[in-house]
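Below: target14.txt (compact mmCIF, C-alpha atoms and all ligand atoms)
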```txt
# COMPACT_ATOMS: atom_id res chain seq x y z
CA MET Y 160 -17.73 18.52 -10.73
CA PRO Y 161 -18.94 16.45 -7.71
CA ASP Y 162 -19.58 18.33 -4.47
CA PHE Y 163 -16.43 17.42 -2.55
CA ARG Y 164 -17.47 19.64 0.34
CA LYS Y 165 -19.97 17.12 1.60
CA ASP Y 166 -17.05 14.74 2.25
CA PHE Y 167 -15.74 17.20 4.89
CA PRO Y 168 -18.22 17.53 7.79
CA ILE Y 169 -16.27 20.34 9.50
CA LEU Y 170 -16.81 22.73 6.59
CA ASP Y 171 -20.56 22.81 7.24
CA GLN Y 172 -20.63 25.20 10.19
CA GLN Y 173 -21.02 28.86 11.12
CA VAL Y 174 -18.18 30.88 12.62
CA ASN Y 175 -19.11 34.22 14.20
CA GLY Y 176 -22.48 34.00 12.48
CA TYR Y 177 -21.10 33.36 8.97
CA PRO Y 178 -20.57 30.12 7.05
CA LEU Y 179 -16.97 29.06 7.68
CA VAL Y 180 -14.45 29.84 4.94
CA TYR Y 181 -11.37 27.72 5.63
CA PHE Y 182 -8.28 29.07 3.87
CA ASP Y 183 -5.60 27.72 6.23
CA ASN Y 184 -5.02 24.48 4.36
CA ALA Y 185 -1.24 24.87 4.27
CA ALA Y 186 -1.23 24.69 8.07
CA THR Y 187 -3.45 21.63 8.09
CA SER Y 188 -6.07 20.29 5.71
CA GLN Y 189 -9.51 19.25 6.87
CA LYS Y 190 -10.36 15.54 7.12
CA PRO Y 191 -12.91 13.71 5.02
CA LYS Y 192 -15.50 11.61 6.83
CA VAL Y 193 -13.92 8.39 5.52
CA VAL Y 194 -10.72 9.22 7.43
CA ILE Y 195 -12.62 10.12 10.62
CA ASP Y 196 -14.57 6.86 10.28
CA ALA Y 197 -11.37 4.86 9.76
CA LEU Y 198 -10.03 6.17 13.08
CA ASN Y 199 -13.27 5.31 14.81
CA ASP Y 200 -13.32 1.83 13.30
CA TYR Y 201 -9.76 1.21 14.33
CA TYR Y 202 -10.41 2.11 17.97
CA GLN Y 203 -13.74 0.28 18.04
CA THR Y 204 -12.56 -2.96 16.44
CA ILE Y 205 -8.83 -3.74 16.31
CA ASN Y 206 -6.96 -1.32 18.61
CA SER Y 207 -3.90 -3.18 19.82
CA ASN Y 208 -0.15 -2.76 19.99
CA ILE Y 209 1.63 -4.02 16.91
CA HIS Y 210 4.52 -6.32 15.97
CA ARG Y 211 4.57 -7.90 19.44
CA GLY Y 212 1.39 -9.81 20.12
CA VAL Y 213 0.52 -13.34 19.14
CA HIS Y 214 -3.11 -12.53 19.82
CA HIS Y 215 -5.78 -11.89 17.21
CA LEU Y 216 -6.19 -8.11 17.55
CA SER Y 217 -2.46 -7.49 17.53
CA GLN Y 218 -2.12 -9.52 14.35
CA LEU Y 219 -4.92 -7.60 12.68
CA ALA Y 220 -3.51 -4.22 13.73
CA THR Y 221 -0.01 -5.24 12.58
CA ALA Y 222 -1.33 -6.37 9.20
CA ARG Y 223 -3.23 -3.09 8.71
CA PHE Y 224 -0.18 -1.05 9.77
CA GLU Y 225 2.07 -2.81 7.24
CA GLU Y 226 -0.63 -2.53 4.57
CA ALA Y 227 -0.64 1.24 5.19
CA ARG Y 228 3.14 1.33 4.73
CA ARG Y 229 2.72 -0.36 1.34
CA ALA Y 230 0.02 2.18 0.42
CA VAL Y 231 2.50 4.99 1.17
CA GLN Y 232 5.17 3.17 -0.84
CA GLN Y 233 2.88 3.09 -3.88
CA PHE Y 234 1.72 6.67 -3.35
CA ILE Y 235 5.31 7.98 -3.65
CA HIS Y 236 6.56 5.22 -5.99
CA ALA Y 237 9.24 4.03 -3.57
CA PRO Y 238 11.10 0.91 -4.71
CA HIS Y 239 10.76 -0.87 -1.33
CA ALA Y 240 8.30 -0.74 1.58
CA HIS Y 241 11.23 -0.90 4.05
CA GLU Y 242 12.40 2.47 2.71
CA VAL Y 243 9.24 4.04 4.15
CA ILE Y 244 9.80 5.09 7.79
CA LEU Y 245 6.62 6.09 9.60
CA THR Y 246 7.20 9.13 11.82
CA LYS Y 247 5.11 11.76 13.62
CA GLY Y 248 5.42 14.23 10.76
CA THR Y 249 7.75 16.23 8.54
CA THR Y 250 9.50 17.81 11.51
CA GLU Y 251 10.40 14.44 12.99
CA SER Y 252 11.42 13.08 9.57
CA ILE Y 253 13.86 15.95 8.98
CA ASN Y 254 15.22 15.76 12.53
CA LEU Y 255 15.81 12.04 12.06
CA VAL Y 256 17.98 12.66 9.00
CA ALA Y 257 19.72 15.75 10.39
CA SER Y 258 20.60 13.83 13.53
CA SER Y 259 21.38 10.38 12.20
CA PHE Y 260 22.86 11.13 8.76
CA CYS Y 261 24.99 13.94 10.21
CA GLN Y 262 26.25 11.79 13.08
CA ARG Y 263 27.73 9.44 10.49
CA PHE Y 264 28.65 11.77 7.62
CA LEU Y 265 29.04 15.39 8.83
CA HIS Y 266 32.46 16.42 10.11
CA ALA Y 267 34.26 19.60 11.15
CA GLY Y 268 34.74 21.90 8.16
CA ASP Y 269 31.93 20.31 6.14
CA GLU Y 270 28.93 22.20 4.76
CA VAL Y 271 25.16 21.72 4.59
CA VAL Y 272 23.14 23.62 1.98
CA VAL Y 273 19.54 24.76 2.52
CA SER Y 274 17.53 27.38 0.63
CA GLU Y 275 16.51 30.82 1.82
CA MET Y 276 12.81 29.84 1.60
CA GLU Y 277 12.75 26.92 4.05
CA HIS Y 278 10.28 26.37 6.87
CA HIS Y 279 12.10 26.52 10.21
CA ALA Y 280 11.70 22.72 10.37
CA ASN Y 281 14.18 22.49 7.48
CA ILE Y 282 16.63 25.02 8.94
CA VAL Y 283 16.95 24.53 12.68
CA PRO Y 284 17.69 20.74 12.69
CA TRP Y 285 20.58 21.42 10.27
CA GLN Y 286 21.83 24.31 12.41
CA LEU Y 287 21.83 22.02 15.43
CA ALA Y 288 23.74 19.37 13.47
CA CYS Y 289 26.24 21.92 12.16
CA GLU Y 290 26.84 23.20 15.70
CA ARG Y 291 27.31 19.67 17.00
CA HIS Y 292 29.79 18.65 14.30
CA GLY Y 293 31.60 21.94 13.60
CA ALA Y 294 30.10 22.32 10.13
CA THR Y 295 28.72 25.39 8.31
CA LEU Y 296 25.22 26.07 6.97
CA ARG Y 297 25.21 27.64 3.48
CA VAL Y 298 22.14 29.20 1.88
CA LEU Y 299 20.83 29.18 -1.69
CA PRO Y 300 19.04 32.55 -2.10
CA PHE Y 301 15.84 33.40 -3.99
CA ASP Y 302 14.99 36.47 -6.09
CA ASP Y 303 12.24 39.00 -5.41
CA ARG Y 304 9.62 36.84 -7.14
CA GLY Y 305 10.46 33.99 -4.80
CA VAL Y 306 12.35 31.93 -7.39
CA LEU Y 307 15.53 30.14 -6.31
CA ARG Y 308 18.68 31.62 -7.85
CA MET Y 309 19.68 28.38 -9.54
CA GLU Y 310 22.70 30.03 -11.17
CA GLU Y 311 24.26 30.21 -7.69
CA LEU Y 312 23.81 26.51 -6.94
CA ASP Y 313 26.87 25.34 -8.86
CA SER Y 314 29.27 27.54 -6.91
CA LEU Y 315 27.55 26.67 -3.62
CA LEU Y 316 28.03 22.93 -4.08
CA ASN Y 317 31.64 21.92 -3.48
CA GLU Y 318 33.77 19.11 -2.10
CA LYS Y 319 32.82 20.12 1.47
CA THR Y 320 29.04 19.86 0.88
CA ARG Y 321 27.64 16.76 2.62
CA ILE Y 322 23.90 17.23 1.96
CA VAL Y 323 21.39 19.61 0.35
CA ALA Y 324 17.97 20.11 2.02
CA VAL Y 325 15.29 22.00 0.11
CA ASN Y 326 11.51 22.19 0.02
CA HIS Y 327 9.46 20.97 -2.91
CA VAL Y 328 6.89 23.75 -2.37
CA SER Y 329 7.33 26.83 -0.16
CA ASN Y 330 4.64 27.12 2.52
CA THR Y 331 4.90 30.93 2.45
CA LEU Y 332 5.66 31.89 -1.17
CA GLY Y 333 3.88 28.97 -2.82
CA THR Y 334 6.83 28.48 -5.16
CA ILE Y 335 7.13 25.01 -6.68
CA ASN Y 336 10.88 24.48 -6.72
CA PRO Y 337 12.88 22.71 -9.46
CA VAL Y 338 13.86 19.88 -7.13
CA ALA Y 339 14.65 17.42 -9.94
CA GLU Y 340 17.23 19.85 -11.33
CA ILE Y 341 18.69 20.48 -7.85
CA ILE Y 342 19.00 16.73 -7.32
CA ARG Y 343 20.67 16.23 -10.72
CA LYS Y 344 23.21 18.97 -10.01
CA ALA Y 345 23.96 17.73 -6.50
CA HIS Y 346 24.28 14.11 -7.62
CA ALA Y 347 26.72 15.16 -10.35
CA LYS Y 348 29.00 16.12 -7.43
CA GLY Y 349 28.11 13.05 -5.35
CA ILE Y 350 25.98 15.03 -2.86
CA PRO Y 351 22.70 13.55 -1.50
CA VAL Y 352 19.49 15.63 -1.36
CA LEU Y 353 16.64 15.74 1.14
CA VAL Y 354 13.31 17.11 -0.12
CA ASP Y 355 10.83 18.61 2.35
CA GLY Y 356 7.58 17.68 0.67
CA ALA Y 357 5.21 18.91 3.40
CA GLN Y 358 3.42 21.28 0.99
CA ALA Y 359 3.65 19.00 -2.04
CA ALA Y 360 2.14 15.74 -0.80
CA GLY Y 361 -1.53 15.60 -1.69
CA HIS Y 362 -1.14 18.45 -4.19
CA LEU Y 363 1.43 17.19 -6.71
CA PRO Y 364 2.24 13.65 -7.83
CA ILE Y 365 5.32 12.40 -5.99
CA ASP Y 366 7.65 9.91 -7.61
CA VAL Y 367 10.78 9.46 -5.53
CA GLN Y 368 12.34 7.22 -8.18
CA ALA Y 369 11.81 9.73 -10.99
CA LEU Y 370 13.16 12.49 -8.73
CA ASP Y 371 15.97 10.22 -7.56
CA CYS Y 372 15.93 12.07 -4.19
CA ASP Y 373 17.82 10.48 -1.31
CA PHE Y 374 15.25 11.54 1.31
CA TYR Y 375 11.65 12.74 1.01
CA CYS Y 376 9.64 13.98 4.02
CA PHE Y 377 5.96 14.82 4.48
CA SER Y 378 3.14 15.03 7.04
CA GLY Y 379 -0.16 13.19 6.86
CA HIS Y 380 -2.20 16.01 8.37
CA LYS Y 381 -1.59 18.34 5.42
CA MET Y 382 -3.00 15.74 3.02
CA TYR Y 383 -6.36 14.89 4.64
CA ALA Y 384 -4.94 12.33 7.09
CA PRO Y 385 -4.95 12.62 10.90
CA MET Y 386 -2.34 14.58 12.83
CA GLY Y 387 0.38 12.48 14.42
CA VAL Y 388 1.69 10.61 11.39
CA GLY Y 389 4.26 11.45 8.75
CA VAL Y 390 6.71 9.83 6.41
CA LEU Y 391 10.42 9.67 5.80
CA TYR Y 392 11.30 7.98 2.55
CA ALA Y 393 15.03 7.23 2.33
CA LYS Y 394 17.13 5.19 -0.04
CA GLU Y 395 17.97 1.85 1.55
CA GLN Y 396 21.69 2.49 1.13
CA TRP Y 397 21.54 5.53 3.46
CA LEU Y 398 19.30 3.85 6.02
CA ASN Y 399 21.75 0.98 6.24
CA GLU Y 400 24.66 3.32 6.80
CA MET Y 401 22.91 5.66 9.26
CA PRO Y 402 22.91 4.91 13.00
CA PRO Y 403 19.50 4.63 14.77
CA TYR Y 404 17.81 7.91 15.70
CA GLN Y 405 16.03 6.91 18.91
CA GLY Y 406 16.61 3.86 21.05
CA GLY Y 407 13.82 1.77 22.53
CA GLY Y 408 11.45 -1.05 21.84
CA GLU Y 409 10.97 -2.38 18.32
CA MET Y 410 14.23 -0.97 16.91
CA ILE Y 411 16.44 -3.70 18.39
CA LYS Y 412 17.23 -7.31 17.55
CA THR Y 413 19.00 -8.24 20.79
CA VAL Y 414 19.82 -6.29 23.95
CA THR Y 415 22.34 -7.11 26.65
CA PHE Y 416 23.99 -4.63 28.99
CA ALA Y 417 27.20 -5.17 27.08
CA HIS Y 418 25.87 -4.84 23.55
CA THR Y 419 22.75 -4.15 21.51
CA THR Y 420 22.11 -5.14 17.90
CA TYR Y 421 19.59 -3.34 15.77
CA ASN Y 422 16.50 -4.52 13.96
CA GLU Y 423 16.24 -4.64 10.16
CA LEU Y 424 14.72 -1.83 8.10
CA PRO Y 425 12.38 -0.06 8.57
CA TYR Y 426 12.09 -1.01 12.26
CA LYS Y 427 15.60 0.20 13.10
CA PHE Y 428 14.18 3.74 12.78
CA GLU Y 429 10.80 3.15 14.43
CA ALA Y 430 11.47 3.02 18.18
CA GLY Y 431 8.47 2.75 20.47
CA THR Y 432 4.74 2.40 19.87
CA PRO Y 433 3.67 4.21 16.70
CA SER Y 434 0.39 6.02 16.17
CA VAL Y 435 -1.26 2.97 14.60
CA GLY Y 436 -4.75 4.40 14.13
CA ASP Y 437 -3.33 7.53 12.48
CA VAL Y 438 -1.20 5.43 10.14
CA ILE Y 439 -4.32 3.55 9.07
CA GLY Y 440 -6.01 6.95 8.65
CA LEU Y 441 -3.14 7.96 6.36
CA GLN Y 442 -3.82 4.96 4.16
CA THR Y 443 -7.50 5.93 4.03
CA ALA Y 444 -6.52 9.50 3.05
CA ILE Y 445 -4.34 8.13 0.24
CA GLU Y 446 -7.24 5.99 -0.99
CA TYR Y 447 -9.51 9.05 -0.81
CA ILE Y 448 -7.02 11.12 -2.86
CA ASN Y 449 -6.71 8.31 -5.41
CA SER Y 450 -10.49 8.01 -5.66
CA ILE Y 451 -10.68 11.66 -6.75
CA GLY Y 452 -7.41 11.71 -8.68
CA LEU Y 453 -4.43 13.94 -7.99
CA GLU Y 454 -4.81 15.52 -11.43
CA VAL Y 455 -8.38 16.59 -10.55
CA ILE Y 456 -7.21 17.97 -7.18
CA ALA Y 457 -4.28 19.81 -8.75
CA GLY Y 458 -6.44 21.21 -11.56
CA ARG Y 459 -9.03 22.52 -9.10
CA GLU Y 460 -6.35 24.09 -6.89
CA GLN Y 461 -4.64 25.80 -9.86
CA ALA Y 462 -8.01 27.24 -10.92
CA LEU Y 463 -8.57 28.59 -7.40
CA LEU Y 464 -5.03 30.03 -7.34
CA GLU Y 465 -5.59 31.89 -10.61
CA TYR Y 466 -9.00 33.21 -9.63
CA ALA Y 467 -7.85 34.32 -6.17
CA THR Y 468 -4.72 35.99 -7.57
CA GLN Y 469 -6.81 38.01 -10.04
CA GLN Y 470 -9.45 38.95 -7.50
CA LEU Y 471 -7.07 39.88 -4.69
CA LEU Y 472 -5.05 42.10 -7.03
CA GLN Y 473 -8.22 44.20 -7.51
CA ILE Y 474 -7.79 45.44 -3.94
CA ASP Y 475 -6.03 48.82 -3.77
CA GLY Y 476 -2.52 48.61 -2.35
CA LEU Y 477 -2.50 44.81 -2.15
CA GLN Y 478 0.86 43.20 -2.83
CA ILE Y 479 1.39 39.50 -3.29
CA VAL Y 480 4.56 38.16 -1.68
CA GLY Y 481 5.69 35.29 -3.90
CA THR Y 482 5.03 35.71 -7.62
CA ALA Y 483 6.95 32.77 -9.08
CA PRO Y 484 5.68 31.43 -12.42
CA HIS Y 485 5.16 27.95 -10.95
CA LYS Y 486 3.09 28.15 -7.78
CA SER Y 487 0.99 25.96 -5.55
CA ALA Y 488 -2.37 27.29 -4.27
CA ILE Y 489 -0.83 29.49 -1.57
CA ILE Y 490 -1.04 33.30 -1.62
CA SER Y 491 0.80 35.50 0.86
CA PHE Y 492 -0.07 39.17 0.74
CA ASN Y 493 0.12 42.53 2.47
CA ILE Y 494 -1.89 45.72 2.05
CA ASN Y 495 -0.02 49.01 2.35
CA LYS Y 496 1.48 49.16 5.82
CA LEU Y 497 -1.48 47.55 7.58
CA HIS Y 498 -0.53 44.86 10.06
CA PRO Y 499 -1.51 41.37 8.83
CA PHE Y 500 -2.63 40.39 12.32
CA ASP Y 501 -5.20 43.23 12.42
CA ILE Y 502 -6.70 42.26 9.08
CA GLY Y 503 -6.68 38.55 10.01
CA THR Y 504 -8.51 39.28 13.27
CA LEU Y 505 -11.17 41.38 11.53
CA ILE Y 506 -11.88 38.86 8.77
CA ASP Y 507 -12.10 36.08 11.37
CA GLN Y 508 -15.05 38.07 12.71
CA MET Y 509 -16.58 37.48 9.25
CA GLY Y 510 -15.99 33.71 9.44
CA ILE Y 511 -12.83 33.59 7.34
CA ALA Y 512 -9.81 31.59 8.48
CA VAL Y 513 -6.45 32.68 7.08
CA ARG Y 514 -3.02 32.58 8.66
CA THR Y 515 -1.08 35.69 9.68
CA GLY Y 516 2.53 36.09 10.74
CA HIS Y 517 5.87 34.75 9.56
CA HIS Y 518 4.59 31.23 8.81
CA CYS Y 519 7.70 29.67 10.42
CA SER Y 520 9.86 31.14 7.67
CA MET Y 521 11.44 34.21 9.26
CA PRO Y 522 14.28 34.39 6.70
CA ILE Y 523 11.64 35.05 3.99
CA MET Y 524 10.27 37.94 6.06
CA GLU Y 525 13.81 39.27 6.47
CA HIS Y 526 14.38 39.05 2.69
CA PHE Y 527 11.38 41.30 2.04
CA GLY Y 528 11.86 43.46 5.15
CA ILE Y 529 8.35 42.75 6.46
CA PRO Y 530 7.12 41.45 9.84
CA GLY Y 531 4.67 39.00 8.30
CA THR Y 532 1.96 38.42 5.75
CA LEU Y 533 -1.61 37.25 5.49
CA ARG Y 534 -1.70 33.85 3.86
CA ALA Y 535 -4.66 32.24 2.14
CA SER Y 536 -4.00 28.62 1.20
CA PHE Y 537 -6.56 26.67 -0.79
CA ALA Y 538 -7.68 23.08 -1.04
CA PHE Y 539 -9.70 21.47 -3.83
CA TYR Y 540 -12.86 21.69 -1.68
CA ASN Y 541 -12.72 25.51 -1.62
CA THR Y 542 -14.84 27.55 -4.02
CA GLU Y 543 -14.77 30.77 -6.04
CA GLU Y 544 -17.64 32.09 -3.89
CA GLU Y 545 -15.46 31.70 -0.82
CA ILE Y 546 -12.72 33.68 -2.56
CA ASP Y 547 -15.26 36.42 -3.31
CA ARG Y 548 -16.10 36.48 0.39
CA LEU Y 549 -12.41 36.78 1.28
CA VAL Y 550 -11.97 39.71 -1.09
CA ALA Y 551 -15.06 41.49 0.24
CA ALA Y 552 -14.01 40.88 3.84
CA VAL Y 553 -10.46 42.14 3.26
CA LYS Y 554 -11.82 45.31 1.59
CA LYS Y 555 -14.09 45.90 4.56
CA ALA Y 556 -11.23 45.32 7.04
CA VAL Y 557 -9.00 47.73 5.14
CA MET Y 558 -11.70 50.41 5.31
CA MET Y 559 -12.12 49.88 9.03
CA LEU Y 560 -8.37 50.13 9.62
CA SER Y 561 -7.58 53.03 7.30
N1 LIG J 1 8.01 21.98 6.07
C1 LIG J 1 7.10 22.76 5.45
C2 LIG J 1 7.38 23.25 4.05
C3 LIG J 1 5.92 23.10 6.11
O1 LIG J 1 5.01 23.87 5.48
C4 LIG J 1 5.69 22.62 7.43
C5 LIG J 1 4.48 23.03 8.22
C6 LIG J 1 6.65 21.79 8.00
C7 LIG J 1 7.80 21.51 7.30
C8 LIG J 1 6.45 21.18 9.34
O2 LIG J 1 5.43 20.23 9.28
P1 LIG J 1 4.89 19.51 10.59
O3 LIG J 1 3.69 18.75 10.12
O4 LIG J 1 5.97 18.63 11.10
O5 LIG J 1 4.54 20.60 11.56
N2 LIG J 1 3.88 24.24 7.80
C9 LIG J 1 2.94 24.95 8.48
C10 LIG J 1 2.39 26.12 7.96
O6 LIG J 1 2.67 26.59 6.87
N3 LIG J 1 1.53 26.63 8.87
O7 LIG J 1 1.49 25.81 9.93
C11 LIG J 1 2.37 24.76 9.70
```
What does this structure look like when you write it as structure tokens?
Ligand code: 7TS
Amino acid sequence: MPDFRKDFPILDQQVNGYPLVYFDNAATSQKPKVVIDALNDYYQTINSNIHRGVHHLSQLATARFEEARRAVQQFIHAPHAHEVILTKGTTESINLVASSFCQRFLHAGDEVVVSEMEHHANIVPWQLACERHGATLRVLPFDDRGVLRMEELDSLLNEKTRIVAVNHVSNTLGTINPVAEIIRKAHAKGIPVLVDGAQAAGHLPIDVQALDCDFYCFSGHKMYAPMGVGVLYAKEQWLNEMPPYQGGGEMIKTVTFAHTTYNELPYKFEAGTPSVGDVIGLQTAIEYINSIGLEVIAGREQALLEYATQQLLQIDGLQIVGTAPHKSAIISFNINKLHPFDIGTLIDQMGIAVRTGHHCSMPIMEHFGIPGTLRASFAFYNTEEEIDRLVAAVKKAVMMLS
């Protein structure tokens, strides 16, 4: 196995006198040097606004931007490049659909279905839309392992349901959800489905045609790309029927004070100057992932998940929150009644970065009747030795707090 760690300069540092152990990859992944270099190159050689200039740099930047869009298209197996809308991130992608799709298709008395294990970014935009249009939010529950209660989906989907929005992988429970089955069931009733792929992109292969999803959203920064760029894939048919999300430059064809006509896809949904350098960085991240191979990344992460699960369960009183049979490399846990924040603070003193709290999924905390969890989330560049250090540090923290 090659030493992937050397690709990530940030990992080689001390925190509080210890070598850094970075286990907060579900919040954001670290960036390989090739991505950092791509940003530098962009700003040092071709930085320019795109789609508007006749001049040399603008043409180069525009070409690179559109090349990056095609790289994303291939990465998710989208039929057309104009079905790839470049956004700021998952949150913006979901808000775009919740705003624009609902403006056209959601009416008083209608329903929107989400699951009980969504990130707030896949709850609140739908609540806002439901409030605006007089619709109701319905919830597909999960069981105590963190597995969706699929048997309840059929009765939840009815003639009032306008859209289903569900995550591919839960950022808190780690559950990999049966999104293909959800899509099949929804489509059988003529209902479109949005998939929040924030925790799937860069970890699982994504094929939007095989899934047949209507919308797929993800963030670059969780898959080794810079912050500030994300993706909304949407079927052309929906994008044509949806009104624009934001108004401004680039999204128009003609403007008069009496009447404005809109640009073609994808530009109709890309108002204003995009984060060009970050988009190019996203392409570099995709090339980096492809150079390693998603199957290698996924295999490494599954091995880390198994090892960490076994080792953590050796700790007295430790309970894993989220024990679905199909999981991504995310482990939420609690120890007796100790507060996650206290343990997280103590192990930070030993150089270990984990997340504590509700992880922007308060309904999951409510389900289990807990204020929060500790969450260790792994990337392929993490190691078994780092997991050993986590286990030792948690044991030490528990002793100090007990
Ligand atoms: N959906 C899921 C499933 C997520 O995990 C996140 C971010 C988002 C949406 C929002 O993504 P953003 O890039 O637009 O912010 N999740 C986390 C996390 O687990 N810890 O910090 C951010």
**OP:** Please tell me which residues are no farther than 10 Å from (-1.1, 0.6, 13.5) in the file, counting only C-alpha atoms, and write them as a PyMOL selection string.
**Re:** chain Y and resi 201+205-210+217+219-228+432-440
Grab the residues selected above and save them as a compact mmCIF listing (two decimals), in the coordinates of the input with C-alpha atoms.
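Writing done, so here's part_16.txt:
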```txt
# COMPACT_ATOMS: atom_id res chain seq x y z
CA TYR Y 201 -9.76 1.21 14.33
CA ILE Y 205 -8.83 -3.74 16.31
CA ASN Y 206 -6.96 -1.32 18.61
CA SER Y 207 -3.90 -3.18 19.82
CA ASN Y 208 -0.15 -2.76 19.99
CA ILE Y 209 1.63 -4.02 16.91
CA HIS Y 210 4.52 -6.32 15.97
CA SER Y 217 -2.46 -7.49 17.53
CA LEU Y 219 -4.92 -7.60 12.68
CA ALA Y 220 -3.51 -4.22 13.73
CA THR Y 221 -0.01 -5.24 12.58
CA ALA Y 222 -1.33 -6.37 9.20
CA ARG Y 223 -3.23 -3.09 8.71
CA PHE Y 224 -0.18 -1.05 9.77
CA GLU Y 225 2.07 -2.81 7.24
CA GLU Y 226 -0.63 -2.53 4.57
CA ALA Y 227 -0.64 1.24 5.19
CA ARG Y 228 3.14 1.33 4.73
CA THR Y 432 4.74 2.40 19.87
CA PRO Y 433 3.67 4.21 16.70
CA SER Y 434 0.39 6.02 16.17
CA VAL Y 435 -1.26 2.97 14.60
CA GLY Y 436 -4.75 4.40 14.13
CA ASP Y 437 -3.33 7.53 12.48
CA VAL Y 438 -1.20 5.43 10.14
CA ILE Y 439 -4.32 3.55 9.07
CA GLY Y 440 -6.01 6.95 8.65
```
Subject >> Given 6 Å and only C-alpha atoms and all ligand atoms, residues near ligand LIG 1 (chain J) as a list in words >> reply: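 Going residue by residue within 6 Å of ligand LIG 1 (chain J), we get Ala185, Ala186, Gly248, Thr249, Thr250, His278, Ala280, Asn326, Ser329, Asn330, Asp355, Ala357, Gln358, Ser378 and His518 of chain Y.
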Original post:
atom CA of Gly176 of chain Y to atom CA of Lys555 of chain Y: how many Å, to one decimal?
Top reply: 16.6 Å
Show me, as a tab-separated table, the residues of segment 479-510 of chain Y having an atom within 7 Å of segment 534-538 of chain Y, each with the closest atom pair and its distance in Å, using all atoms listed in the file.
```
residue	atom	partner	partner_atom	distance
Y:Ala488	CA	Y:Phe537	CA	5.5
Y:Ile489	CA	Y:Ser536	CA	4.3
Y:Ile490	CA	Y:Ala535	CA	5.3
Y:Ser491	CA	Y:Arg534	CA	4.2
Y:Phe492	CA	Y:Arg534	CA	6.4
```
At a cut-off of 10 Å, can you tabulate as JSON lines every residue of segment 237-278 of chain Y near segment 396-399 of chain Y together with its closest atom pair and the distance in Å to one decimal, using only C-alpha atoms and ordering rows by chain then number?
```
{"residue": "Y:His241", "atom": "CA", "partner": "Y:Leu398", "partner_atom": "CA", "distance": 9.6}
{"residue": "Y:Glu242", "atom": "CA", "partner": "Y:Leu398", "partner_atom": "CA", "distance": 7.8}
{"residue": "Y:Ile244", "atom": "CA", "partner": "Y:Leu398", "partner_atom": "CA", "distance": 9.7}
{"residue": "Y:Val256", "atom": "CA", "partner": "Y:Leu398", "partner_atom": "CA", "distance": 9.4}
{"residue": "Y:Ser259", "atom": "CA", "partner": "Y:Leu398", "partner_atom": "CA", "distance": 9.2}
{"residue": "Y:Phe260", "atom": "CA", "partner": "Y:Trp397", "partner_atom": "CA", "distance": 7.8}
```
**OP:** Fewer than 5 positions away in the same chain doesn't count, so skip those; otherwise give me all residues within 12 Å of Glu400 of chain Y, counting all atoms listed in the file, as a list in words.
**Re:** Val256, Ser259, Phe260, Cys261, Gln262, Arg263, Phe264, Ala393, Lys394, Glu395, Leu424 and Lys427 of chain Y
Any chance you could export the current selection's C-alpha atoms as a compact mmCIF listing (two decimals), keeping the file's coordinate frame?
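Below is the file that was written, selection.txt:
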```txt
# COMPACT_ATOMS: atom_id res chain seq x y z
CA VAL Y 256 17.98 12.66 9.00
CA SER Y 259 21.38 10.38 12.20
CA PHE Y 260 22.86 11.13 8.76
CA CYS Y 261 24.99 13.94 10.21
CA GLN Y 262 26.25 11.79 13.08
CA ARG Y 263 27.73 9.44 10.49
CA PHE Y 264 28.65 11.77 7.62
CA ALA Y 393 15.03 7.23 2.33
CA LYS Y 394 17.13 5.19 -0.04
CA GLU Y 395 17.97 1.85 1.55
CA LEU Y 424 14.72 -1.83 8.10
CA LYS Y 427 15.60 0.20 13.10
```
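The interatomic distance for the pair atom CA of Gly431 of chain Y and atom CA of Val414 of chain Y works out to 14.9 Å.
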Original post:
At what distance in Å, to one decimal, does atom CA of Phe377 of chain Y lie from atom CA of Ala257 of chain Y?
Top reply: 15.0 Å
**OP:** May I have the residues within 9 Å of Val231 of chain Y as a PyMOL selection string, using all atoms listed in the file and disregarding those fewer than 5 positions away in the same chain?
**Re:** chain Y and resi 226+236-237+240+243+390+441-442+445
Subject >> Within 10 Å of Ala483 of chain Y using only C-alpha atoms, minus same-chain residues under 6 positions, as a list in words >> reply: Asp302, Asp303, Arg304, Gly305, Val306, Leu307, Leu332, Gly333, Thr334, Ile335 and Asn336 of chain Y
